[in-house]
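Peer 1: Here you go, this is run28.cif (mmCIF, C-alpha atoms).
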data_input
#
loop_
_atom_site.label_atom_id
_atom_site.label_comp_id
_atom_site.auth_asym_id
_atom_site.auth_seq_id
_atom_site.Cartn_x
_atom_site.Cartn_y
_atom_site.Cartn_z
CA MET B 23 96.07 108.24 76.90
CA LEU B 24 98.89 105.67 76.92
CA THR B 25 97.84 102.04 76.67
CA VAL B 26 100.19 99.10 76.93
CA ASN B 27 98.90 95.70 75.85
CA ASN B 28 100.58 92.41 76.60
CA LEU B 29 104.11 93.63 76.07
CA GLU B 30 106.87 91.04 76.06
CA LYS B 31 110.62 91.23 75.46
CA SER B 32 113.52 88.80 75.54
CA ILE B 33 117.14 89.77 75.15
CA GLU B 34 119.66 87.05 74.30
CA GLY B 35 117.15 84.33 75.10
CA GLN B 36 116.35 85.76 78.50
CA LYS B 37 112.86 87.06 79.24
CA ILE B 38 113.17 90.65 80.42
CA TYR B 39 109.49 91.28 80.90
CA GLN B 40 106.18 89.73 79.85
CA ASN B 41 102.39 90.15 80.17
CA ILE B 42 102.77 93.89 80.68
CA THR B 43 99.37 95.56 80.41
CA PHE B 44 98.42 98.91 81.89
CA THR B 45 97.14 102.36 81.00
CA VAL B 46 98.13 105.88 81.93
CA GLY B 47 95.15 108.23 81.96
CA GLU B 48 95.00 111.93 81.20
CA SER B 49 96.58 114.25 83.82
CA SER B 50 97.48 111.22 85.82
CA ILE B 51 100.72 110.54 87.65
CA VAL B 52 101.68 106.89 87.62
CA GLY B 53 104.55 105.48 89.65
CA LEU B 54 106.46 102.42 88.50
CA ILE B 55 108.22 100.59 91.29
CA GLY B 56 110.12 97.35 91.56
CA ARG B 57 113.46 96.08 92.70
CA ASN B 58 116.68 96.81 90.87
CA GLY B 59 117.03 94.68 87.74
CA VAL B 60 113.34 93.81 87.46
CA GLY B 61 113.10 95.35 83.97
CA LYS B 62 111.74 98.82 84.69
CA THR B 63 114.20 100.74 82.53
CA THR B 64 113.91 98.28 79.62
CA LEU B 65 110.14 98.58 79.84
CA LEU B 66 110.22 102.39 79.86
CA ARG B 67 112.59 102.39 76.90
CA SER B 68 110.18 100.11 75.03
CA LEU B 69 107.32 102.52 75.59
CA VAL B 70 109.05 105.24 73.59
CA GLY B 71 110.41 103.01 70.87
CA ILE B 72 114.07 102.95 71.86
CA ILE B 73 113.64 99.19 72.24
CA ASP B 74 111.24 97.16 70.10
CA PRO B 75 109.20 94.68 72.10
CA ASP B 76 108.88 91.09 70.77
CA GLN B 77 105.14 91.05 71.32
CA GLY B 78 102.30 93.33 72.29
CA GLU B 79 101.63 96.96 71.49
CA VAL B 80 102.02 100.43 72.91
CA LEU B 81 99.21 102.78 71.92
CA PHE B 82 99.14 106.52 72.37
CA GLU B 83 95.55 107.72 72.02
CA GLY B 84 94.86 104.63 69.95
CA THR B 85 97.87 104.85 67.63
CA ASN B 86 100.59 102.22 67.78
CA ILE B 87 103.86 104.04 68.45
CA HIS B 88 106.05 101.33 66.94
CA LEU B 89 104.09 101.30 63.67
CA SER B 90 103.43 105.05 63.41
CA PRO B 91 106.62 106.77 64.54
CA GLU B 92 105.14 110.25 64.01
CA ILE B 93 103.04 109.81 67.15
CA LYS B 94 106.25 109.62 69.20
CA LYS B 95 106.39 113.40 69.31
CA SER B 96 103.65 113.15 71.94
CA ILE B 97 105.73 111.05 74.30
CA VAL B 98 109.08 112.02 75.69
CA TYR B 99 111.53 109.98 77.73
CA VAL B 100 113.88 111.39 80.33
CA PRO B 101 116.62 108.79 80.86
CA ASP B 102 118.28 108.21 84.22
CA SER B 103 121.70 108.80 82.75
CA THR B 104 122.38 111.64 80.35
CA SER B 105 126.10 111.10 79.90
CA ALA B 106 125.58 110.46 76.18
CA TYR B 107 124.97 114.20 75.79
CA ASN B 108 128.04 115.30 77.75
CA SER B 109 129.79 116.92 74.81
CA TYR B 110 126.69 118.86 73.70
CA SER B 111 126.21 122.54 74.39
CA ILE B 112 122.77 123.82 75.32
CA LYS B 113 122.36 125.25 71.82
CA GLU B 114 123.22 121.93 70.22
CA LEU B 115 120.84 120.08 72.51
CA VAL B 116 118.03 122.46 71.61
CA ARG B 117 118.78 121.93 67.93
CA LEU B 118 118.72 118.15 68.42
CA TYR B 119 115.41 118.24 70.30
CA LYS B 120 113.90 120.60 67.73
CA THR B 121 114.75 118.16 64.96
CA ILE B 122 113.12 115.27 66.78
CA TYR B 123 110.16 117.05 68.37
CA ILE B 124 108.59 119.35 65.81
CA ASP B 125 106.49 121.09 68.46
CA PHE B 126 109.53 121.92 70.60
CA ASP B 127 109.03 125.39 72.05
CA GLU B 128 112.36 127.22 72.24
CA VAL B 129 110.84 130.27 73.94
CA VAL B 130 109.42 128.15 76.74
CA PHE B 131 112.75 126.36 77.05
CA TYR B 132 114.78 129.53 77.58
CA GLU B 133 112.14 131.00 79.89
CA LEU B 134 112.35 127.93 82.08
CA MET B 135 116.17 128.01 82.03
CA GLU B 136 115.85 131.58 83.28
CA ARG B 137 113.28 130.66 85.94
CA PHE B 138 115.62 128.09 87.44
CA THR B 139 118.60 130.46 86.96
CA LEU B 140 120.52 127.95 84.91
CA PRO B 141 123.53 129.31 83.02
CA ARG B 142 123.34 128.76 79.26
CA ASN B 143 126.81 128.77 77.79
CA ARG B 144 128.25 125.52 78.95
CA LYS B 145 128.73 122.01 77.74
CA ILE B 146 126.45 119.51 79.44
CA ARG B 147 129.37 117.87 81.27
CA MET B 148 130.12 121.16 83.01
CA TYR B 149 126.77 121.27 84.82
CA SER B 150 126.24 119.75 88.24
CA LYS B 151 124.11 116.63 88.60
CA GLY B 152 121.13 118.62 89.87
CA MET B 153 121.38 121.15 87.04
CA LYS B 154 121.60 118.37 84.46
CA ALA B 155 118.51 116.70 85.90
CA LEU B 156 116.63 119.99 85.70
CA ILE B 157 117.82 120.75 82.16
CA PHE B 158 116.61 117.41 80.83
CA ILE B 159 113.24 117.80 82.50
CA ILE B 160 112.95 121.32 81.08
CA LEU B 161 113.84 119.92 77.65
CA ALA B 162 111.12 117.29 78.05
CA ILE B 163 108.52 119.87 79.12
CA SER B 164 109.49 122.13 76.21
CA THR B 165 108.74 119.39 73.67
CA ARG B 166 105.07 120.02 74.60
CA ALA B 167 104.60 116.25 74.69
CA LYS B 168 101.45 115.10 76.48
CA CYS B 169 103.10 112.21 78.23
CA ILE B 170 106.45 112.32 79.97
CA ILE B 171 108.24 109.17 81.03
CA LEU B 172 110.84 109.70 83.70
CA ASP B 173 113.39 107.11 84.79
CA GLU B 174 114.38 107.84 88.39
CA PRO B 175 114.17 111.63 88.00
CA THR B 176 115.20 112.51 91.55
CA ASN B 177 117.89 109.92 92.06
CA GLY B 178 120.90 111.37 93.85
CA LEU B 179 119.60 114.93 94.01
CA ASP B 180 119.68 117.21 97.04
CA ALA B 181 116.46 118.08 98.84
CA VAL B 182 116.16 121.54 97.28
CA VAL B 183 116.55 120.47 93.65
CA LYS B 184 114.32 117.47 94.29
CA ARG B 185 111.58 119.73 95.55
CA GLN B 186 112.02 122.11 92.63
CA ILE B 187 111.71 119.27 90.14
CA LEU B 188 108.66 117.72 91.76
CA GLN B 189 106.90 121.06 92.12
CA PHE B 190 107.65 121.88 88.52
CA LEU B 191 106.24 118.55 87.33
CA ILE B 192 103.12 118.83 89.51
CA GLU B 193 102.45 122.34 88.18
CA GLU B 194 102.73 121.12 84.60
CA VAL B 195 100.27 118.32 85.32
CA SER B 196 97.78 120.70 86.84
CA ASP B 197 98.28 123.46 84.21
CA ARG B 198 98.38 121.44 81.04
CA GLY B 199 96.89 118.09 81.98
CA ILE B 200 99.96 116.15 80.90
CA SER B 201 100.58 112.66 82.26
CA LEU B 202 103.65 111.36 83.98
CA LEU B 203 104.99 107.85 84.27
CA ILE B 204 107.74 107.88 86.87
CA SER B 205 109.98 105.04 87.90
CA SER B 206 111.48 105.64 91.29
CA HIS B 207 112.82 104.08 94.44
CA HIS B 208 111.77 107.08 96.50
CA LEU B 209 108.57 105.54 97.71
CA ASP B 210 107.70 108.33 100.13
CA GLU B 211 107.77 110.81 97.26
CA LEU B 212 105.69 108.68 94.92
CA GLU B 213 103.21 107.93 97.65
CA LYS B 214 102.14 111.56 97.71
CA ILE B 215 102.32 112.58 94.07
CA ALA B 216 101.19 109.44 92.26
CA ASP B 217 97.55 108.47 91.86
CA THR B 218 98.42 104.98 90.66
CA ILE B 219 101.30 102.68 91.49
CA ILE B 220 102.43 99.84 89.24
CA MET B 221 104.50 97.23 91.01
CA MET B 222 106.80 94.98 88.98
CA LYS B 223 108.12 91.61 90.09
CA ASN B 224 110.10 89.04 88.08
CA GLY B 225 109.50 90.91 84.83
CA GLU B 226 105.73 90.98 85.30
CA ILE B 227 103.26 93.34 86.81
CA GLU B 228 102.64 92.24 90.37
CA SER B 229 99.85 94.70 90.99
CA VAL B 230 98.37 98.01 89.96
CA ILE B 231 97.09 99.97 92.93
CA THR B 232 95.34 103.31 92.92
CA MET B 233 96.43 105.29 95.94
CA ASP B 234 92.81 105.72 97.00
CA ASP B 235 92.47 101.96 97.28
CA ALA B 236 95.86 101.32 98.80
CA LYS B 237 94.78 102.27 102.28
CA GLN B 238 91.58 100.25 102.02
CA HIS B 239 93.16 97.15 100.53
CA TYR B 240 96.10 96.99 102.85
CA GLN B 241 96.23 97.21 106.57
CA LYS B 242 99.18 96.81 108.85
CA VAL B 243 98.36 95.49 112.30
CA GLN B 244 100.16 94.49 115.43
CA VAL B 245 98.71 91.56 117.29
CA VAL B 246 99.65 89.75 120.49
CA TYR B 247 98.34 86.33 121.49
CA LYS B 248 98.72 84.73 124.86
CA GLY B 249 99.92 81.39 123.52
CA GLU B 250 101.25 80.34 120.14
CA PHE B 251 100.36 82.36 117.08
CA PRO B 252 97.20 80.63 115.78
CA ALA B 253 98.02 78.41 112.80
CA SER B 254 94.60 79.08 111.27
CA ILE B 255 95.67 82.70 110.80
CA GLU B 256 99.22 82.01 109.80
CA ASN B 257 97.86 79.97 106.88
CA LEU B 258 95.55 82.69 105.58
CA GLU B 259 96.49 83.61 102.06
CA ASN B 260 96.01 87.34 102.38
CA ILE B 261 98.28 87.69 105.37
CA LYS B 262 101.97 88.38 105.32
CA ILE B 263 103.88 88.29 108.57
CA ILE B 264 106.36 91.12 108.58
CA LYS B 265 108.09 90.31 111.83
CA LYS B 266 107.70 88.45 115.10
CA ILE B 267 109.35 89.75 118.21
CA GLY B 268 108.46 87.65 121.21
CA ARG B 269 104.69 87.56 121.39
CA VAL B 270 104.25 90.61 119.23
CA THR B 271 103.52 89.87 115.59
CA THR B 272 103.36 92.57 112.96
CA LEU B 273 101.49 91.60 109.85
CA LEU B 274 100.19 93.05 106.64
CA ILE B 275 96.66 92.23 105.53
CA LYS B 276 96.07 92.36 101.80
CA GLY B 277 92.40 92.60 100.86
CA ASN B 278 89.30 91.64 102.93
CA VAL B 279 90.63 93.86 105.70
CA SER B 280 87.62 93.93 108.00
CA GLU B 281 86.85 90.20 107.67
CA THR B 282 90.44 89.35 108.41
CA CYS B 283 90.49 91.62 111.43
CA GLU B 284 87.42 89.79 112.74
CA LEU B 285 89.26 86.48 112.35
CA LEU B 286 92.20 87.90 114.28
CA GLN B 287 89.79 89.11 116.96
CA LYS B 288 88.12 85.69 117.24
CA GLU B 289 91.34 84.13 118.46
CA GLN B 290 91.13 86.46 121.47
CA PRO B 291 94.30 88.48 121.18
CA LEU B 292 95.71 90.34 124.17
CA LEU B 293 96.25 93.25 121.87
CA LEU B 294 95.20 94.07 118.32
CA GLU B 295 95.94 97.46 116.88
CA GLU B 296 96.24 99.14 113.52
CA LEU B 297 99.62 100.56 112.62
CA PRO B 298 100.28 103.41 110.24
CA MET B 299 101.23 102.04 106.86
CA THR B 300 103.40 103.28 104.04
CA LEU B 301 104.03 102.28 100.46
CA GLU B 302 107.33 100.92 101.71
CA ASP B 303 105.50 98.28 103.77
CA ILE B 304 103.59 97.15 100.70
CA PHE B 305 106.78 97.19 98.65
CA VAL B 306 108.80 95.13 101.09
CA SER B 307 106.07 92.59 101.68
CA ALA B 308 105.11 92.22 98.03
CA LEU B 309 108.53 92.40 96.43
CA GLY B 310 110.99 91.56 99.15
CA GLY B 311 112.54 88.14 99.09
CA GLU B 312 115.45 86.34 100.60
CA ASP B 313 117.69 87.26 97.71
CA LEU B 314 119.40 90.53 98.50
CA VAL B 315 120.39 92.09 95.22
CA LYS B 316 119.61 90.99 91.73
CA MET J 29 96.86 128.27 104.65
CA TYR J 30 98.94 125.89 106.64
CA PHE J 31 98.45 122.16 106.44
CA ASP J 32 99.98 119.47 108.53
CA LEU J 33 99.59 116.31 106.50
CA ASN J 34 100.50 112.92 107.79
CA GLU J 35 101.03 110.50 104.93
CA ARG J 36 101.41 107.59 107.35
CA SER J 37 97.94 108.12 108.73
CA ASN J 38 95.15 105.81 107.69
CA THR J 39 93.06 108.87 106.86
CA PRO J 40 93.50 109.62 103.16
CA ILE J 41 95.33 112.88 102.37
CA TRP J 42 92.29 114.45 100.69
CA GLU J 43 90.25 113.83 103.83
CA GLN J 44 92.96 115.37 105.99
CA ILE J 45 92.77 118.51 103.85
CA VAL J 46 88.97 118.59 104.22
CA ASN J 47 89.23 118.27 108.00
CA GLN J 48 91.94 120.90 108.33
CA VAL J 49 90.11 123.44 106.16
CA LYS J 50 87.02 122.89 108.33
CA GLU J 51 89.08 123.47 111.45
CA MET J 52 90.62 126.63 109.99
CA ILE J 53 87.16 127.95 109.15
CA LEU J 54 85.86 127.21 112.66
CA LYS J 55 88.88 128.86 114.26
CA GLY J 56 88.50 131.88 112.02
CA ILE J 57 91.90 131.42 110.38
CA LEU J 58 89.86 131.26 107.19
CA GLN J 59 86.95 133.68 107.08
CA PRO J 60 83.99 134.02 104.73
CA ASN J 61 85.07 135.31 101.31
CA ASP J 62 88.72 134.47 101.94
CA LYS J 63 90.42 133.10 98.87
CA LEU J 64 91.84 129.60 99.09
CA SER J 65 95.08 128.58 97.38
CA SER J 66 94.42 127.24 93.91
CA VAL J 67 94.69 123.53 93.23
CA ARG J 68 97.93 124.21 91.37
CA GLU J 69 99.47 126.23 94.22
CA LEU J 70 98.42 123.89 96.98
CA SER J 71 99.49 120.69 95.24
CA SER J 72 102.81 122.26 94.40
CA ILE J 73 103.43 123.53 97.95
CA LEU J 74 102.43 120.25 99.57
CA LEU J 75 104.03 118.14 96.81
CA ILE J 76 100.90 116.11 96.32
CA ASN J 77 98.90 115.01 93.32
CA PRO J 78 96.68 117.84 92.00
CA ASN J 79 93.77 115.40 91.85
CA THR J 80 94.04 114.91 95.60
CA VAL J 81 93.55 118.65 96.17
CA SER J 82 90.69 118.75 93.64
CA LYS J 83 89.00 115.90 95.43
CA ALA J 84 89.26 117.68 98.79
CA TYR J 85 87.92 120.93 97.31
CA GLN J 86 85.05 119.09 95.64
CA GLU J 87 84.08 117.54 98.94
CA LEU J 88 84.27 120.91 100.74
CA GLU J 89 82.16 122.44 98.01
CA ARG J 90 79.62 119.62 98.26
CA GLN J 91 79.38 120.31 101.98
CA GLY J 92 78.78 123.99 101.25
CA LEU J 93 81.89 125.33 102.98
CA ILE J 94 83.61 126.73 99.94
CA GLU J 95 82.51 127.86 96.52
CA THR J 96 84.16 128.28 93.16
CA ARG J 97 83.65 131.64 91.54
CA ARG J 98 84.11 131.41 87.83
CA GLY J 99 87.41 132.86 86.69
CA LYS J 100 88.26 134.12 90.18
CA GLY J 101 89.11 131.08 92.19
CA THR J 102 87.88 129.22 95.24
CA PHE J 103 86.53 131.08 98.26
CA VAL J 104 85.16 130.34 101.70
CA SER J 105 81.38 130.57 101.36
CA GLU J 106 79.74 133.82 102.50
CA THR J 107 77.09 132.00 104.45
CA ILE J 108 78.08 128.59 105.52
CA SER J 109 75.05 126.41 105.26
CA LEU J 110 76.08 123.12 106.70
CA LYS J 111 74.10 120.26 105.34
CA VAL J 112 72.90 117.78 107.91
CA ASP J 113 74.47 114.47 107.15
CA GLU J 114 72.42 111.99 109.18
CA GLU J 115 74.97 109.25 108.84
CA LYS J 116 77.80 111.48 110.07
CA VAL J 117 75.72 112.68 113.04
CA ASP J 118 75.00 109.10 113.98
CA GLN J 119 78.68 108.26 113.72
CA ILE J 120 79.58 111.12 116.05
CA LYS J 121 76.98 110.02 118.58
CA LYS J 122 78.36 106.51 118.56
CA SER J 123 82.00 107.54 118.94
CA LEU J 124 81.06 109.91 121.77
CA LYS J 125 79.28 107.09 123.58
CA LEU J 126 82.33 104.88 123.17
CA LEU J 127 84.57 107.61 124.56
CA ILE J 128 82.33 108.15 127.57
CA VAL J 129 82.32 104.43 128.32
CA GLU J 130 86.10 104.32 128.20
CA ALA J 131 86.39 107.49 130.24
CA SER J 132 84.20 106.12 133.00
CA TYR J 133 86.40 103.02 133.26
CA LEU J 134 89.38 105.34 133.67
CA GLY J 135 87.59 107.14 136.48
CA ILE J 136 87.07 110.42 134.63
CA ASP J 137 83.97 112.02 136.12
CA LYS J 138 81.11 113.83 134.44
CA HIS J 139 82.31 117.25 135.52
CA THR J 140 85.79 116.80 134.04
CA LEU J 141 84.32 115.58 130.77
CA GLN J 142 82.02 118.60 130.59
CA THR J 143 84.91 120.97 131.27
CA TRP J 144 86.90 119.38 128.48
CA ILE J 145 84.06 119.62 126.01
CA GLU J 146 83.48 123.25 126.88
CA SER J 147 87.14 124.14 126.56
CA TYR J 148 87.34 122.48 123.11
CA LEU J 149 84.24 124.33 122.01
CA ASP J 150 85.77 127.59 123.25
CA GLU J 151 88.95 126.82 121.35
CA LEU J 152 86.89 126.61 118.17
CA GLY J 153 85.38 130.03 118.87
CA GLY J 154 81.98 129.23 120.28
CA GLY J 155 81.66 126.23 118.01
CA ASP J 156 77.90 125.90 118.18
CA GLU J 157 77.13 128.99 116.12
CA HIS J 158 76.56 126.80 113.09
CA ALA J 159 74.16 124.65 115.01
CA ASN J 160 71.89 127.61 115.77
CA GLY J 161 68.69 127.87 113.85
CA LYS J 162 68.55 124.25 112.93
#
Once you've parsed the file, please lay out its structure as structure tokens.

Peer 2:
Amino acid sequence: MLTVNNLEKSIEGQKIYQNITFTVGESSIVGLIGRNGVGKTTLLRSLVGIIDPDQGEVLFEGTNIHLSPEIKKSIVYVPDSTSAYNSYSIKELVRLYKTIYIDFDEVVFYELMERFTLPRNRKIRMYSKGMKALIFIILAISTRAKCIILDEPTNGLDAVVKRQILQFLIEEVSDRGISLLISSHHLDELEKIADTIIMMKNGEIESVITMDDAKQHYQKVQVVYKGEFPASIENLENIKIIKKIGRVTTLLIKGNVSETCELLQKEQPLLLEELPMTLEDIFVSALGGEDLVK
Amino acid sequence: MYFDLNERSNTPIWEQIVNQVKEMILKGILQPNDKLSSVRELSSILLINPNTVSKAYQELERQGLIETRRGKGTFVSETISLKVDEEKVDQIKKSLKLLIVEASYLGIDKHTLQTWIESYLDELGGGDEHANGK
């Protein structure tokens, strides 16, 4: 549905991202994760034509969105901050969206406002953060676009609104087969709803994992050896030591899980056991570094 | 239908759904011709990807436990005809053997083991009714 080929962008001589290639399939939910400042927002904005990339192309069902702007009605972007619309009333927002998205369905919009019991006659700035988040997602859904790009949609929302938003999005995916590309730091949420996770590091794609594979490709284990931790294992490329406390070493195996476990077993550990693993473990081991904040 | 999903488990979510539906059917919480939640409802309640639910339902259907009735939804099959999956049976035999070996090292005797097995079978409402006639 959405194909991104070799996208590259520099701003003021600084590379923001490069070699970005991925696809978002039909009725698929793709999560985009990466540390703050890695270029996620800039990338998302490039996918909808707010920013022009220096190189590469973004295709929606085969049509280049930067060369054929009319195809942009099929993709809608929900920004993380909506303060630019603060002085708009709901009516004005609807008029704006209708001008941009010719398929915008006003009836659906007001039905959804009703369903979430959102008051209508206010300026955007008068709504709470949760209401604003909902309104902009409702606006996006009402454009009838096939692909919705969401930049941190649940950031700073309470548990109830968060659940409402996620349920609403999941229902739309299952009812209408739309696709979602979601950037988020809420890994536990993404872990359940996404079928594919794209991890970004230093402005490039570190890895693309389908959730089905994730649990086969990665394995977290706890291992205890009587003496020193065997150097032969420490030097393995697909092993990342998460922490060492006394004799107990926790490590993450990336790929070749069963072979690697055999190697661990060969060194005659006192204890070797699998630990439950989350997306957060993969995130920290793949993207974590010594530098704290970028 | 009530599911208790553990996203930290190494068992994929779709497989957890398959296992829990099977358990509900055995315990009679789900009975023949009962309607299952739709993919849309279940994914929305559990906040999981709709494809995950579809995958679980497809697997249950392949195993003959549920069936899709066109335009009506998904139901527990009227007659559950469990297909014999040789590989699975073999796997169960092996894990049982392993358990018995471990149990004997822990000093659990034959009688205790048998009592446990019987009580689990009772818990699942007879349990061996599906095995009859095979």

Peer 1: Counting all atoms listed in the file, what is within 9 Å of J:Ile53, bar same-chain residues fewer than 6 positions away, as a CSV table (one decimal) with C-alpha atoms, in the coordinates of the input?

Peer 2:
chain,number,residue,atom,x,y,z
J,59,GLN,CA,87.0,133.7,107.1
J,60,PRO,CA,84.0,134.0,104.7
J,93,LEU,CA,81.9,125.3,103.0
J,104,VAL,CA,85.2,130.3,101.7

Peer 1: Would you write out, as a short mmCIF file (atom, residue, chain, number, x, y, z; two decimals) with C-alpha atoms, keeping the file's coordinate frame, every residue that the PyMOL selection byres ((chain B) within 7 of (chain J)) captures in this file?

Peer 2:
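part.cif was written with the following content:
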data_model
loop_
_atom_site.label_atom_id
_atom_site.label_comp_id
_atom_site.auth_asym_id
_atom_site.auth_seq_id
_atom_site.Cartn_x
_atom_site.Cartn_y
_atom_site.Cartn_z
CA LEU B 188 108.66 117.72 91.76
CA GLN B 189 106.90 121.06 92.12
CA ILE B 192 103.12 118.83 89.51
CA GLU B 193 102.45 122.34 88.18
CA SER B 196 97.78 120.70 86.84
CA LYS B 214 102.14 111.56 97.71
CA ILE B 215 102.32 112.58 94.07
CA ALA B 216 101.19 109.44 92.26
CA ASP B 217 97.55 108.47 91.86
CA LYS B 237 94.78 102.27 102.28
CA PRO B 298 100.28 103.41 110.24
CA MET B 299 101.23 102.04 106.86
CA THR B 300 103.40 103.28 104.04
#

Peer 1: Output the residue selection produced by the PyMOL selection byres ((chain J and resi 103) around 9) on the file above, formatted as a list in words.

Peer 2: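 That expression, the PyMOL selection byres ((chain J and resi 103) around 9), corresponds here to Pro60, Asn61, Asp62, Lys63, Leu64, Ser65, Leu93, Ile94, Glu95, Thr96, Arg97, Lys100, Gly101, Thr102, Val104, Ser105 and Glu106 of chain J.
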
Peer 1: Could those residues be written to a file, using C-alpha atoms, as a PDB file, keeping the file's coordinate frame?

Peer 2:
ATOM      1  CA  PRO J  60      83.990 134.020 104.730  1.00  0.00           C
ATOM      2  CA  ASN J  61      85.070 135.310 101.310  1.00  0.00           C
ATOM      3  CA  ASP J  62      88.720 134.470 101.940  1.00  0.00           C
ATOM      4  CA  LYS J  63      90.420 133.100  98.870  1.00  0.00           C
ATOM      5  CA  LEU J  64      91.840 129.600  99.090  1.00  0.00           C
ATOM      6  CA  SER J  65      95.080 128.580  97.380  1.00  0.00           C
ATOM      7  CA  LEU J  93      81.890 125.330 102.980  1.00  0.00           C
ATOM      8  CA  ILE J  94      83.610 126.730  99.940  1.00  0.00           C
ATOM      9  CA  GLU J  95      82.510 127.860  96.520  1.00  0.00           C
ATOM     10  CA  THR J  96      84.160 128.280  93.160  1.00  0.00           C
ATOM     11  CA  ARG J  97      83.650 131.640  91.540  1.00  0.00           C
ATOM     12  CA  LYS J 100      88.260 134.120  90.180  1.00  0.00           C
ATOM     13  CA  GLY J 101      89.110 131.080  92.190  1.00  0.00           C
ATOM     14  CA  THR J 102      87.880 129.220  95.240  1.00  0.00           C
ATOM     15  CA  VAL J 104      85.160 130.340 101.700  1.00  0.00           C
ATOM     16  CA  SER J 105      81.380 130.570 101.360  1.00  0.00           C
ATOM     17  CA  GLU J 106      79.740 133.820 102.500  1.00  0.00           C
TER      18      GLU J 106
END

Peer 1: So for stretch 104-109 of chain J, what box centre and size do we get, axis-aligned, 3 Å extra on each of the six sides, every listed atom, Å to one decimal, as JSON?

Peer 2:
{"center_x": 80.1, "center_y": 130.1, "center_z": 103.4, "size_x": 16.1, "size_y": 13.4, "size_z": 10.2}

Peer 1: Which residue, J:Gln48, J:Glu43, J:Met29, J:Thr140, has the smallest gap to J:Gln86 when you use only C-alpha atoms?

Peer 2: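 Using only C-alpha atoms, the shortest distance to J:Gln86 belongs to J:Glu43.
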
Peer 1: Please write the residues picked by the PyMOL selection byres ((chain B and resi 50) around 7) on this file as a list in words.

Peer 2: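 Residues picked by the PyMOL selection byres ((chain B and resi 50) around 7): Val46, Gly47, Glu48, Ser49, Ile51, Val52, Ser201, Leu202 and Asp217 of chain B.
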
Peer 1: Give me, please, the distance in Å between atom CA of B:Gly152 and atom CA of B:Leu179, quoted to one decimal.

Peer 2: 5.8 Å

Peer 1: What's the 12 Å shell around B:Leu203, counting all atoms listed in the file, without same-chain residues fewer than 3 positions away, as number ranges by chain?

Peer 2: B: 23-25, 44-55, 62-63, 65-67, 69-70, 97-100, 168-175, 191, 195, 200, 206, 212, 215-220

Peer 1: At what distance in Å, to one decimal, does atom CA of J:Ile57 lie from atom CA of J:Thr143?

Peer 2: 24.4 Å

Peer 1: B:Ala155: which residues within 12 Å, counting all atoms listed in the file, same-chain residues fewer than 3 positions away excluded, as a PyMOL selection string?

Peer 2: chain B and resi 100-105+138+140+146-147+149-152+158-162+172-180+183-184+186-188
